[in-house]
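Chemist: Got query_1.csv for you, CSV, C-alpha atoms (C1' of nucleotides):
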chain,number,residue,atom,x,y,z
U,293,MET,CA,56.3,106.9,45.8
U,294,LEU,CA,57.0,103.4,46.9
U,295,THR,CA,60.3,101.5,46.7
U,296,LEU,CA,61.1,98.0,45.8
U,297,GLU,CA,59.5,95.4,48.0
U,298,GLU,CA,56.5,97.7,48.3
U,299,GLU,CA,56.6,98.4,44.6
U,300,LEU,CA,57.4,94.9,43.5
U,301,LEU,CA,54.4,92.8,44.1
U,302,SER,CA,55.1,89.2,45.0
U,303,VAL,CA,53.9,88.3,41.6
U,304,GLU,CA,56.7,90.2,40.0
U,305,ILE,CA,59.2,88.7,42.4
U,306,ASP,CA,58.0,85.3,41.3
U,307,ILE,CA,58.5,86.3,37.7
U,308,LEU,CA,62.0,87.5,38.4
U,309,HIS,CA,62.9,84.2,40.0
U,310,ARG,CA,61.5,82.2,37.3
U,311,LEU,CA,63.0,84.2,34.5
U,312,VAL,CA,66.5,84.2,35.8
U,313,ASN,CA,66.2,80.6,37.2
U,314,TYR,CA,68.5,81.5,40.0
U,315,PRO,CA,67.9,82.5,43.6
U,316,LEU,CA,68.1,86.2,43.8
U,317,ASP,CA,69.2,88.1,46.9
U,318,LEU,CA,66.2,90.5,47.4
U,319,ASN,CA,67.7,92.1,50.5
U,320,ALA,CA,70.8,93.1,48.6
U,321,MET,CA,68.6,94.4,45.8
U,322,ALA,CA,66.6,96.5,48.2
U,323,VAL,CA,69.7,98.0,49.9
U,324,VAL,CA,71.4,98.9,46.6
U,325,THR,CA,68.3,100.3,45.0
U,326,ASN,CA,67.4,102.5,47.9
U,327,LEU,CA,70.9,103.6,48.4
U,328,TYR,CA,71.3,104.8,44.8
U,329,ARG,CA,67.9,106.4,44.8
U,330,ALA,CA,68.5,108.2,48.1
U,331,SER,CA,71.8,109.6,46.7
U,332,GLN,CA,70.2,110.7,43.5
U,333,ARG,CA,67.5,112.6,45.4
U,334,LEU,CA,70.1,114.1,47.7
U,335,LYS,CA,72.2,115.3,44.9
U,336,ALA,CA,69.2,116.8,43.0
U,337,LYS,CA,67.9,118.5,46.1
U,338,MET,CA,71.2,120.1,46.9
U,339,GLU,CA,72.0,121.2,43.4
U,340,GLN,CA,68.5,122.7,42.8
U,341,GLU,CA,67.9,124.3,46.2
U,342,ILE,CA,71.4,125.5,47.1
U,343,LEU,CA,74.2,125.0,44.6
U,344,SER,CA,72.4,126.4,41.6
U,345,LYS,CA,72.5,129.9,43.0
U,346,TYR,CA,76.3,129.6,42.9
U,347,ASN,CA,76.5,127.8,39.6
U,348,LEU,CA,78.3,124.9,41.2
U,349,SER,CA,78.0,121.2,40.6
U,350,PHE,CA,77.9,118.8,43.5
U,351,THR,CA,81.4,117.7,42.7
U,352,ALA,CA,82.7,121.2,42.3
U,353,PHE,CA,81.3,122.0,45.7
U,354,SER,CA,82.9,119.0,47.3
U,355,ILE,CA,86.3,120.1,45.8
U,356,LEU,CA,85.9,123.6,47.3
U,357,TYR,CA,84.9,122.0,50.6
U,358,ASP,CA,88.0,119.8,50.6
U,359,LEU,CA,90.3,122.8,49.8
U,360,TRP,CA,88.6,124.8,52.5
U,361,ILE,CA,89.4,122.2,55.1
U,362,TRP,CA,92.8,121.2,53.9
U,363,ASP,CA,94.0,124.4,52.3
U,364,SER,CA,95.4,122.6,49.4
U,365,LYS,CA,95.1,119.0,48.0
U,366,GLU,CA,96.6,117.0,45.2
U,367,THR,CA,94.3,116.1,42.3
U,368,ARG,CA,94.5,112.4,43.0
U,369,GLU,CA,93.4,112.8,46.6
U,370,LEU,CA,90.5,115.0,45.5
U,371,ALA,CA,89.4,112.4,43.0
U,372,VAL,CA,89.3,109.7,45.7
U,373,SER,CA,87.4,112.0,48.1
U,374,ALA,CA,84.8,113.1,45.5
U,375,GLY,CA,84.5,109.6,44.0
U,376,VAL,CA,85.3,110.6,40.5
U,377,THR,CA,88.3,110.1,38.1
U,378,VAL,CA,91.3,112.4,38.0
U,379,ALA,CA,90.2,113.4,34.5
U,380,THR,CA,87.0,114.8,36.0
U,381,ILE,CA,88.9,116.7,38.6
U,382,SER,CA,91.0,118.2,35.9
U,383,SER,CA,88.0,119.3,34.0
U,384,ILE,CA,86.3,120.8,37.0
U,385,ALA,CA,89.5,122.5,38.0
U,386,ASN,CA,89.4,124.3,34.6
U,387,THR,CA,85.9,125.5,35.4
U,388,LEU,CA,86.8,126.6,38.9
U,389,GLU,CA,90.0,128.4,37.6
U,390,LYS,CA,87.9,130.3,35.1
U,391,LYS,CA,85.7,131.5,37.9
U,392,GLU,CA,88.9,132.3,39.9
U,393,LEU,CA,87.8,130.1,42.8
U,394,CYS,CA,90.9,128.0,42.8
U,395,LYS,CA,94.3,127.7,41.1
U,396,ARG,CA,96.9,125.0,40.3
U,397,GLU,CA,100.4,124.6,41.6
U,398,VAL,CA,103.0,122.2,40.4
U,399,ASP,CA,105.0,120.4,43.1
U,400,PRO,CA,108.6,121.6,42.7
U,401,ARG,CA,110.1,118.4,44.0
U,402,ASP,CA,108.1,116.1,41.7
U,403,ARG,CA,106.9,118.1,38.7
U,404,ARG,CA,104.3,115.4,37.8
U,405,LEU,CA,102.2,116.3,40.9
U,406,VAL,CA,99.7,119.1,40.8
U,407,LYS,CA,97.9,120.7,43.8
U,408,LEU,CA,94.8,122.8,43.8
U,409,ILE,CA,94.7,125.8,46.1
U,410,LEU,CA,91.7,127.8,47.2
U,411,THR,CA,91.8,131.5,46.2
U,412,GLU,CA,90.5,134.3,48.4
U,413,LYS,CA,87.4,134.5,46.3
U,414,GLY,CA,86.9,130.7,46.6
U,415,ARG,CA,87.2,130.9,50.3
U,416,ALA,CA,84.6,133.6,50.5
U,417,VAL,CA,82.2,131.5,48.4
U,418,ILE,CA,82.6,128.3,50.4
U,419,GLU,CA,82.3,130.2,53.7
U,420,GLU,CA,79.1,131.8,52.6
U,421,LEU,CA,77.8,128.6,51.0
U,422,TYR,CA,78.6,125.9,53.5
U,423,PRO,CA,76.2,126.9,56.3
U,424,LYS,CA,73.4,126.8,53.8
U,425,PHE,CA,74.5,123.4,52.6
U,426,ASN,CA,74.6,122.0,56.1
U,427,LYS,CA,71.1,123.4,56.7
U,428,GLY,CA,70.1,121.3,53.6
U,429,GLU,CA,71.8,118.2,55.1
U,430,LYS,CA,70.0,118.8,58.4
U,431,GLU,CA,66.6,118.9,56.6
U,432,ILE,CA,67.3,115.6,54.9
U,433,VAL,CA,68.0,113.7,58.1
U,434,GLU,CA,65.7,115.5,60.5
U,435,GLY,CA,63.2,112.6,60.3
U,436,LEU,CA,65.7,110.3,61.9
U,437,SER,CA,66.7,110.3,65.6
U,438,GLU,CA,70.3,111.1,66.5
U,439,GLU,CA,70.7,107.4,67.2
U,440,GLU,CA,69.3,106.4,63.8
U,441,GLN,CA,71.6,108.8,62.1
U,442,LYS,CA,74.6,107.3,63.7
U,443,VAL,CA,73.5,103.8,62.9
U,444,LEU,CA,72.9,104.8,59.2
U,445,THR,CA,76.4,106.4,59.0
U,446,ARG,CA,78.0,103.4,60.5
U,447,LEU,CA,76.4,101.0,58.1
U,448,LEU,CA,77.2,103.1,55.1
U,449,ARG,CA,80.8,103.3,56.2
U,450,ARG,CA,81.0,99.5,56.3
U,451,LEU,CA,79.7,99.4,52.7
U,452,ILE,CA,82.2,101.9,51.6
U,453,ARG,CA,85.1,100.0,53.2
U,454,LYS,CA,83.9,96.8,51.6
U,455,MET,CA,83.8,98.4,48.1
U,456,GLU,CA,87.1,100.1,48.5
U,457,GLY,CA,88.6,96.7,49.3
U,458,ASN,CA,90.2,97.6,52.7
U,459,GLU,CA,88.0,95.7,55.1
E,172,MET,CA,90.3,105.4,53.4
E,173,LEU,CA,88.7,107.1,56.3
E,174,THR,CA,85.5,109.1,56.3
E,175,LEU,CA,84.5,112.4,57.9
E,176,GLU,CA,84.7,112.2,61.7
E,177,GLU,CA,87.6,109.9,61.4
E,178,GLU,CA,89.1,112.0,58.7
E,179,LEU,CA,88.3,115.3,60.2
E,180,LEU,CA,90.3,115.7,63.4
E,181,SER,CA,88.7,117.6,66.2
E,182,VAL,CA,91.0,120.5,65.3
E,183,GLU,CA,89.5,120.8,61.9
E,184,ILE,CA,86.0,120.6,63.3
E,185,ASP,CA,86.9,123.5,65.6
E,186,ILE,CA,88.1,125.4,62.6
E,187,LEU,CA,84.9,124.7,60.8
E,188,HIS,CA,82.8,126.0,63.7
E,189,ARG,CA,84.9,129.1,64.1
E,190,LEU,CA,84.9,129.9,60.4
E,191,VAL,CA,81.2,129.7,59.9
E,192,ASN,CA,80.5,131.1,63.3
E,193,TYR,CA,77.4,128.9,63.4
E,194,PRO,CA,76.6,125.6,65.0
E,195,LEU,CA,77.0,122.9,62.4
E,196,ASP,CA,75.1,119.6,62.4
E,197,LEU,CA,77.9,117.1,62.2
E,198,ASN,CA,75.7,114.0,62.3
E,199,ALA,CA,73.8,115.3,59.3
E,200,MET,CA,77.0,116.0,57.6
E,201,ALA,CA,78.3,112.5,58.3
E,202,VAL,CA,75.1,110.8,57.0
E,203,VAL,CA,75.0,112.8,53.8
E,204,THR,CA,78.7,112.5,53.0
E,205,ASN,CA,78.8,108.8,53.5
E,206,LEU,CA,75.5,108.3,51.7
E,207,TYR,CA,76.9,110.1,48.6
E,208,ARG,CA,80.2,108.4,48.8
E,209,ALA,CA,78.7,104.9,49.1
E,210,SER,CA,76.5,105.6,46.1
E,211,GLN,CA,79.5,106.8,44.0
E,212,ARG,CA,81.4,103.7,44.8
E,213,LEU,CA,78.5,101.5,44.1
E,214,LYS,CA,77.9,103.0,40.7
E,215,ALA,CA,81.6,102.9,39.8
E,216,LYS,CA,81.8,99.2,40.9
E,217,MET,CA,78.8,98.1,38.9
E,218,GLU,CA,79.7,100.1,35.8
E,219,GLN,CA,83.3,98.8,35.8
E,220,GLU,CA,82.8,95.2,36.8
E,221,ILE,CA,79.5,94.4,35.1
E,222,LEU,CA,77.9,97.0,32.9
E,223,SER,CA,80.9,97.9,30.9
E,224,LYS,CA,80.9,94.5,29.1
E,225,TYR,CA,77.4,95.4,27.8
E,226,ASN,CA,78.3,99.0,27.1
E,227,LEU,CA,75.5,100.2,29.3
E,228,SER,CA,75.4,103.1,31.8
E,229,PHE,CA,73.9,102.7,35.2
E,230,THR,CA,70.8,104.6,34.2
E,231,ALA,CA,70.4,102.7,30.9
E,232,PHE,CA,70.5,99.5,32.9
E,233,SER,CA,67.9,100.7,35.3
E,234,ILE,CA,65.6,101.6,32.4
E,235,LEU,CA,66.0,98.1,30.9
E,236,TYR,CA,65.3,96.7,34.4
E,237,ASP,CA,62.1,98.7,34.8
E,238,LEU,CA,60.9,97.7,31.3
E,239,TRP,CA,61.7,94.1,32.1
E,240,ILE,CA,59.5,94.2,35.2
E,241,TRP,CA,56.7,96.3,33.9
E,242,ASP,CA,56.8,95.4,30.2
E,243,SER,CA,56.4,99.1,29.3
E,244,LYS,CA,56.6,102.4,31.1
E,245,GLU,CA,56.0,106.0,30.3
E,246,THR,CA,59.1,108.2,30.1
E,247,ARG,CA,58.0,110.4,33.0
E,248,GLU,CA,57.7,107.3,35.3
E,249,LEU,CA,61.1,106.1,34.2
E,250,ALA,CA,62.6,109.5,35.0
E,251,VAL,CA,61.3,109.4,38.6
E,252,SER,CA,62.4,105.8,39.0
E,253,ALA,CA,65.9,106.5,37.7
E,254,GLY,CA,66.2,109.8,39.5
E,255,VAL,CA,67.0,111.8,36.4
E,256,THR,CA,65.1,114.3,34.2
E,257,VAL,CA,62.8,113.4,31.4
E,258,ALA,CA,65.3,114.9,29.0
E,259,THR,CA,67.9,112.4,30.1
E,260,ILE,CA,65.5,109.5,29.6
E,261,SER,CA,64.8,110.8,26.1
E,262,SER,CA,68.5,110.9,25.3
E,263,ILE,CA,69.2,107.4,26.7
E,264,ALA,CA,66.1,106.1,24.8
E,265,ASN,CA,67.8,107.3,21.6
E,266,THR,CA,70.9,105.3,22.5
E,267,LEU,CA,68.9,102.2,23.5
E,268,GLU,CA,66.8,102.4,20.3
E,269,LYS,CA,70.0,102.6,18.2
E,270,LYS,CA,71.1,99.4,19.8
E,271,GLU,CA,67.6,97.9,19.3
E,272,LEU,CA,67.1,97.2,23.0
E,273,CYS,CA,63.9,99.2,23.3
E,274,LYS,CA,61.4,101.2,21.1
E,275,ARG,CA,59.0,104.0,21.6
E,276,GLU,CA,55.3,104.0,21.3
E,277,VAL,CA,52.9,107.0,21.4
E,278,ASP,CA,49.8,106.6,23.5
E,279,PRO,CA,46.9,106.7,21.0
E,280,ARG,CA,44.5,108.2,23.5
E,281,ASP,CA,46.9,111.1,24.5
E,282,ARG,CA,49.4,111.6,21.8
E,283,ARG,CA,51.6,113.7,24.1
E,284,LEU,CA,52.5,110.6,26.1
E,285,VAL,CA,55.3,108.2,25.0
E,286,LYS,CA,56.0,104.7,26.4
E,287,LEU,CA,59.1,102.7,26.1
E,288,ILE,CA,58.9,99.0,25.3
E,289,LEU,CA,61.5,96.3,25.7
E,290,THR,CA,62.4,94.5,22.4
E,291,GLU,CA,63.2,90.8,22.3
E,292,LYS,CA,66.9,91.7,22.0
E,293,GLY,CA,66.5,94.0,25.1
E,294,ARG,CA,64.8,91.2,27.0
E,295,ALA,CA,67.6,88.8,26.2
E,296,VAL,CA,70.2,91.3,27.4
E,297,ILE,CA,68.6,92.1,30.7
E,298,GLU,CA,67.9,88.4,31.4
E,299,GLU,CA,71.5,87.5,30.9
E,300,LEU,CA,72.7,90.6,32.7
E,301,TYR,CA,70.5,90.8,35.8
E,302,PRO,CA,71.8,87.8,37.6
E,303,LYS,CA,75.3,89.2,37.3
E,304,PHE,CA,74.2,92.5,38.6
E,305,ASN,CA,72.4,90.9,41.6
E,306,LYS,CA,75.6,89.0,42.3
E,307,GLY,CA,77.4,92.4,42.5
E,308,GLU,CA,74.8,93.7,44.8
E,309,LYS,CA,75.2,90.7,47.0
E,310,GLU,CA,79.0,91.3,47.2
E,311,ILE,CA,78.5,94.8,48.3
E,312,VAL,CA,76.2,94.0,51.3
E,313,GLU,CA,77.7,90.7,52.3
E,314,GLY,CA,79.6,92.3,55.2
E,315,LEU,CA,76.2,93.2,56.8
E,316,SER,CA,73.9,90.7,58.5
E,317,GLU,CA,70.4,90.2,57.1
E,318,GLU,CA,69.1,92.3,60.0
E,319,GLU,CA,71.5,95.1,59.3
E,320,GLN,CA,70.6,95.1,55.6
E,321,LYS,CA,66.9,95.5,56.5
E,322,VAL,CA,67.6,98.3,59.0
E,323,LEU,CA,69.7,100.1,56.3
E,324,THR,CA,67.0,99.7,53.7
E,325,ARG,CA,64.4,101.0,56.1
E,326,LEU,CA,66.4,104.1,57.1
E,327,LEU,CA,67.2,104.9,53.5
E,328,ARG,CA,63.5,104.7,52.5
E,329,ARG,CA,62.7,107.2,55.2
E,330,LEU,CA,65.2,109.6,53.8
E,331,ILE,CA,63.8,109.1,50.3
E,332,ARG,CA,60.3,109.8,51.4
E,333,LYS,CA,61.4,112.9,53.3
E,334,MET,CA,63.2,114.2,50.2
E,335,GLU,CA,60.3,113.4,47.9
E,336,GLY,CA,58.1,115.4,50.1
E,337,ASN,CA,55.5,112.8,50.9
E,338,GLU,CA,56.1,111.9,54.5
Z,121,DT,C1',34.0,127.3,18.2
Z,122,DT,C1',38.1,129.7,18.9
Z,123,DA,C1',41.6,131.4,21.8
Z,124,DT,C1',44.4,130.6,25.7
Z,125,DA,C1',46.6,127.9,29.0
Z,126,DA,C1',48.6,123.6,30.6
Z,127,DT,C1',51.1,119.4,29.8
Z,128,DC,C1',53.8,116.3,27.4
Z,129,DA,C1',58.5,114.8,24.9
Z,130,DT,C1',62.2,116.3,22.3
Z,131,DT,C1',65.9,119.3,20.9
Z,132,DA,C1',69.7,122.8,21.8
Z,133,DG,C1',73.6,124.2,24.2
Z,134,DG,C1',76.7,123.6,27.8
Z,135,DT,C1',78.9,121.0,31.8
Z,136,DT,C1',80.2,116.7,33.9
Z,137,DT,C1',82.0,112.3,33.4
Z,138,DC,C1',84.6,108.4,31.8
Z,139,DA,C1',88.1,105.5,29.3
Z,140,DA,C1',91.8,105.7,26.4
Z,141,DA,C1',95.5,108.2,24.3
Z,142,DC,C1',99.1,111.4,25.1
Z,143,DG,C1',103.0,114.1,26.9
Z,144,DA,C1',105.9,115.2,30.7
Z,145,DT,C1',108.5,113.7,34.6
Z,146,DT,C1',110.7,110.5,37.7
Z,147,DA,C1',112.4,105.8,38.9
Z,148,DA,C1',114.7,101.5,37.8
Z,149,DA,C1',117.7,98.7,35.1
Z,150,DA,C1',121.3,97.7,32.1
J,124,DT,C1',124.8,107.2,31.4
J,125,DT,C1',121.4,105.7,28.6
J,126,DT,C1',117.4,103.0,28.0
J,127,DT,C1',113.2,101.3,29.7
J,128,DA,C1',109.4,101.3,32.7
J,129,DA,C1',106.3,103.5,35.9
J,130,DT,C1',103.6,107.4,37.4
J,131,DC,C1',101.6,111.7,37.0
J,132,DG,C1',98.0,115.2,34.9
J,133,DT,C1',95.8,116.7,30.8
J,134,DT,C1',93.4,116.2,26.4
J,135,DT,C1',90.2,113.9,23.4
J,136,DG,C1',86.0,112.0,21.9
J,137,DA,C1',81.7,110.3,23.2
J,138,DA,C1',77.8,109.5,26.4
J,139,DA,C1',75.2,111.2,30.2
J,140,DC,C1',73.0,114.9,32.2
J,141,DC,C1',70.9,119.4,33.3
J,142,DT,C1',68.2,123.7,32.2
J,143,DA,C1',65.7,126.3,29.0
J,144,DA,C1',63.5,126.7,24.7
J,145,DT,C1',60.5,124.5,21.3
J,146,DG,C1',56.8,122.0,19.1
J,147,DA,C1',52.9,119.1,19.5
J,148,DT,C1',48.8,117.9,21.8
J,149,DT,C1',45.1,118.3,25.0
J,150,DA,C1',42.2,120.9,28.4
J,151,DT,C1',39.9,125.1,29.7
J,152,DA,C1',37.6,129.4,29.0
J,153,DA,C1',35.4,132.9,26.6
I need this file expressed as structure tokens, please.
Modeler:
Amino acid sequence: MLTLEEELLSVEIDILHRLVNYPLDLNAMAVVTNLYRASQRLKAKMEQEILSKYNLSFTAFSILYDLWIWDSKETRELAVSAGVTVATISSIANTLEKKELCKREVDPRDRRLVKLILTEKGRAVIEELYPKFNKGEKEIVEGLSEEEQKVLTRLLRRLIRKMEGNE
Amino acid sequence: MLTLEEELLSVEIDILHRLVNYPLDLNAMAVVTNLYRASQRLKAKMEQEILSKYNLSFTAFSILYDLWIWDSKETRELAVSAGVTVATISSIANTLEKKELCKREVDPRDRRLVKLILTEKGRAVIEELYPKFNKGEKEIVEGLSEEEQKVLTRLLRRLIRKMEGNE
DNA sequence: TTATAATCATTAGGTTTCAAACGATTAAAA
DNA sequence: TTTTAATCGTTTGAAACCTAATGATTATAA
């Protein structure tokens, strides 16, 4: 499986330029394409190899993880952290509540706000699950040196900050 | 918005280690977390700022793009390229066919195989759309130098190859 | 040739996901 | 105080997405 510049022969690149009649930024194209593809693979790998045994989606897992670290968290914060809308968090919270992995709690001082809280069962699940998840993470990056991993993380963070508008 | 090591104070990291009673790979965790988050932001940005005007999902766009470059492509190949299952491609092909942006064609030599082909209307859409999409890609990476973009692309490709199992 | 197995795409059923509409609550203004 | 506006989370409806089941076609074996 090749990717972009390897996959796109110079002929196709010429066609692209001619068709759009406009100087394309091929480096930007390569970064974005490979970033998206890497993330798709990563998600698929984790869901198939690890999360499927627990019947959890990637987002559901990341919510449980956040609740594990922070004990409880408001739905808005969870949405930002998981990169989905609040509506999605609400939907997944329904699923997690049905499984008794978390519960909701309304803020008494501002009754518009809702927190999610990890249940004991939820805690047991994430504590059993997380080491396996981290092992999967390790496998993914094991082809890179420690230095390369740090460079990659740093570059990705700069992209994230850029897209979140707080540079 | 901070990410991982900035967000996770050393206290929390200690808690993590104690809870799982197992040495975690924090570098791997940082790479994976930031990779996934960057991709989520990227997808959201593109869908909101560019693709929504055309009523196209990110995956639908990537199918049109592939068909534009390669004229026609089998559903299985499209699935690999887009990082989704063949079932999803089939479903999106239904949507795209309804909009008359592509059509199906059965391979006469092996009638199990199905190709998607771009229609004239589909071609017009992708040719109008792609320059805008590339402009969005450019915005995302403009905080990185050309050298940094190339390093990022190279590291991401190595992760992809690793996950696809052909190292 | 005929039966069996393998390989495709599609369909079925269910969860995730989003935007938009809604209802409840709080804040601001008159 | 009463009205208006802003801010929450949830629901709704539709598309995307997955796994598993199905149907159609081709390849292999008996």
Chemist: Listing only residues of chain E within 6 Å of chain U, what is the closest atom pair and its distance in Å (to one decimal) for each, using only C-alpha atoms, sorted by chain and residue number ascending, as CSV?
Modeler:
residue,atom,partner,partner_atom,distance
E:Ala199,CA,U:Lys430,CA,5.2
E:Val202,CA,U:Thr445,CA,5.0
E:Tyr207,CA,U:Ser331,CA,5.5
E:Ala209,CA,U:Ile452,CA,5.2
E:Ser210,CA,U:Tyr328,CA,5.4
E:Gln211,CA,U:Gly375,CA,5.7
E:Gly254,CA,U:Gln332,CA,5.7
E:Glu308,CA,U:Ala320,CA,5.5
E:Lys309,CA,U:Ala320,CA,5.3
E:Thr324,CA,U:Val323,CA,5.0
E:Ile331,CA,U:Ala330,CA,5.3
Chemist: What residues in chain U lie within 10 Å of chain Z, counting all atoms listed in the file, written as an MDAnalysis selection string?
Modeler: chainID U and resid 349 351:352 376:381 383:384 387 402:405
Chemist: If you count all atoms listed in the file, which residues fall within 9 Å of U:Glu412, apart from same-chain ones fewer than 6 positions away, as a list in words?
Modeler: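 Returned residues: Glu392, Leu393 and Cys394 of chain U.
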Chemist: For chain E, work out the contacting residues on chain J at 10 Å, counting only C-alpha atoms (C1' of nucleotides), and write them as a VMD selection string.
Modeler: chain J and resid 138 to 142 147 to 149
Chemist: Have a look at atom CA of E:Leu180 and atom CA of U:Phe353 and let me know their distance in Å, one decimal.
Modeler: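 Taking atom CA of E:Leu180 and atom CA of U:Phe353, their separation equals 20.8 Å.
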Chemist: Provide the atom CA of U:Lys395 to atom CA of U:Arg415 distance in Å, to one decimal place.
Modeler: 12.1 Å
Chemist: Find the distance between atom CA of E:Gly293 and atom C1' of J:DA137 and write it in Å to one decimal.
Modeler: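 Atom CA of E:Gly293 sits 22.4 Å away from atom C1' of J:DA137.
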Chemist: Could you add whatever atoms are missing so that stretch 427-443 of chain U carries N, CA and C atoms, then write the result as an mmCIF file, keeping the file's coordinate frame?
Modeler:
data_model
loop_
_atom_site.group_PDB
_atom_site.id
_atom_site.type_symbol
_atom_site.label_atom_id
_atom_site.label_comp_id
_atom_site.auth_asym_id
_atom_site.auth_seq_id
_atom_site.Cartn_x
_atom_site.Cartn_y
_atom_site.Cartn_z
ATOM 1 N N LYS U 427 72.558 123.229 56.319
ATOM 2 C CA LYS U 427 71.100 123.400 56.700
ATOM 3 C C LYS U 427 70.328 122.370 55.804
ATOM 4 N N GLY U 428 70.707 122.255 54.528
ATOM 5 C CA GLY U 428 70.100 121.300 53.600
ATOM 6 C C GLY U 428 70.273 119.865 54.131
ATOM 7 N N GLU U 429 71.487 119.568 54.580
ATOM 8 C CA GLU U 429 71.800 118.200 55.100
ATOM 9 C C GLU U 429 70.904 117.937 56.315
ATOM 10 N N LYS U 430 70.774 118.940 57.148
ATOM 11 C CA LYS U 430 70.000 118.800 58.400
ATOM 12 C C LYS U 430 68.516 118.482 58.023
ATOM 13 N N GLU U 431 67.983 119.168 57.038
ATOM 14 C CA GLU U 431 66.600 118.900 56.600
ATOM 15 C C GLU U 431 66.390 117.479 56.179
ATOM 16 N N ILE U 432 67.386 116.963 55.459
ATOM 17 C CA ILE U 432 67.300 115.600 54.900
ATOM 18 C C ILE U 432 67.156 114.563 56.017
ATOM 19 N N VAL U 433 67.949 114.735 57.063
ATOM 20 C CA VAL U 433 68.000 113.700 58.100
ATOM 21 C C VAL U 433 67.115 113.987 59.292
ATOM 22 N N GLU U 434 66.384 115.090 59.254
ATOM 23 C CA GLU U 434 65.700 115.500 60.500
ATOM 24 C C GLU U 434 64.537 114.519 60.840
ATOM 25 N N GLY U 435 64.160 113.630 59.923
ATOM 26 C CA GLY U 435 63.200 112.600 60.300
ATOM 27 C C GLY U 435 63.731 111.461 61.062
ATOM 28 N N LEU U 436 65.046 111.406 61.159
ATOM 29 C CA LEU U 436 65.700 110.300 61.900
ATOM 30 C C LEU U 436 66.164 110.843 63.270
ATOM 31 N N SER U 437 66.116 109.963 64.266
ATOM 32 C CA SER U 437 66.700 110.300 65.600
ATOM 33 C C SER U 437 68.175 110.382 65.488
ATOM 34 N N GLU U 438 68.793 110.981 66.471
ATOM 35 C CA GLU U 438 70.300 111.100 66.500
ATOM 36 C C GLU U 438 70.863 109.652 66.445
ATOM 37 N N GLU U 439 70.249 108.750 67.179
ATOM 38 C CA GLU U 439 70.700 107.400 67.200
ATOM 39 C C GLU U 439 70.635 106.720 65.839
ATOM 40 N N GLU U 440 69.500 106.932 65.185
ATOM 41 C CA GLU U 440 69.300 106.400 63.800
ATOM 42 C C GLU U 440 70.294 106.945 62.844
ATOM 43 N N GLN U 441 70.577 108.214 62.971
ATOM 44 C CA GLN U 441 71.600 108.800 62.100
ATOM 45 C C GLN U 441 72.920 108.180 62.239
ATOM 46 N N LYS U 442 73.270 107.901 63.479
ATOM 47 C CA LYS U 442 74.600 107.300 63.700
ATOM 48 C C LYS U 442 74.639 105.862 63.211
ATOM 49 N N VAL U 443 73.552 105.134 63.382
ATOM 50 C CA VAL U 443 73.500 103.800 62.900
ATOM 51 C C VAL U 443 73.635 103.789 61.343
#
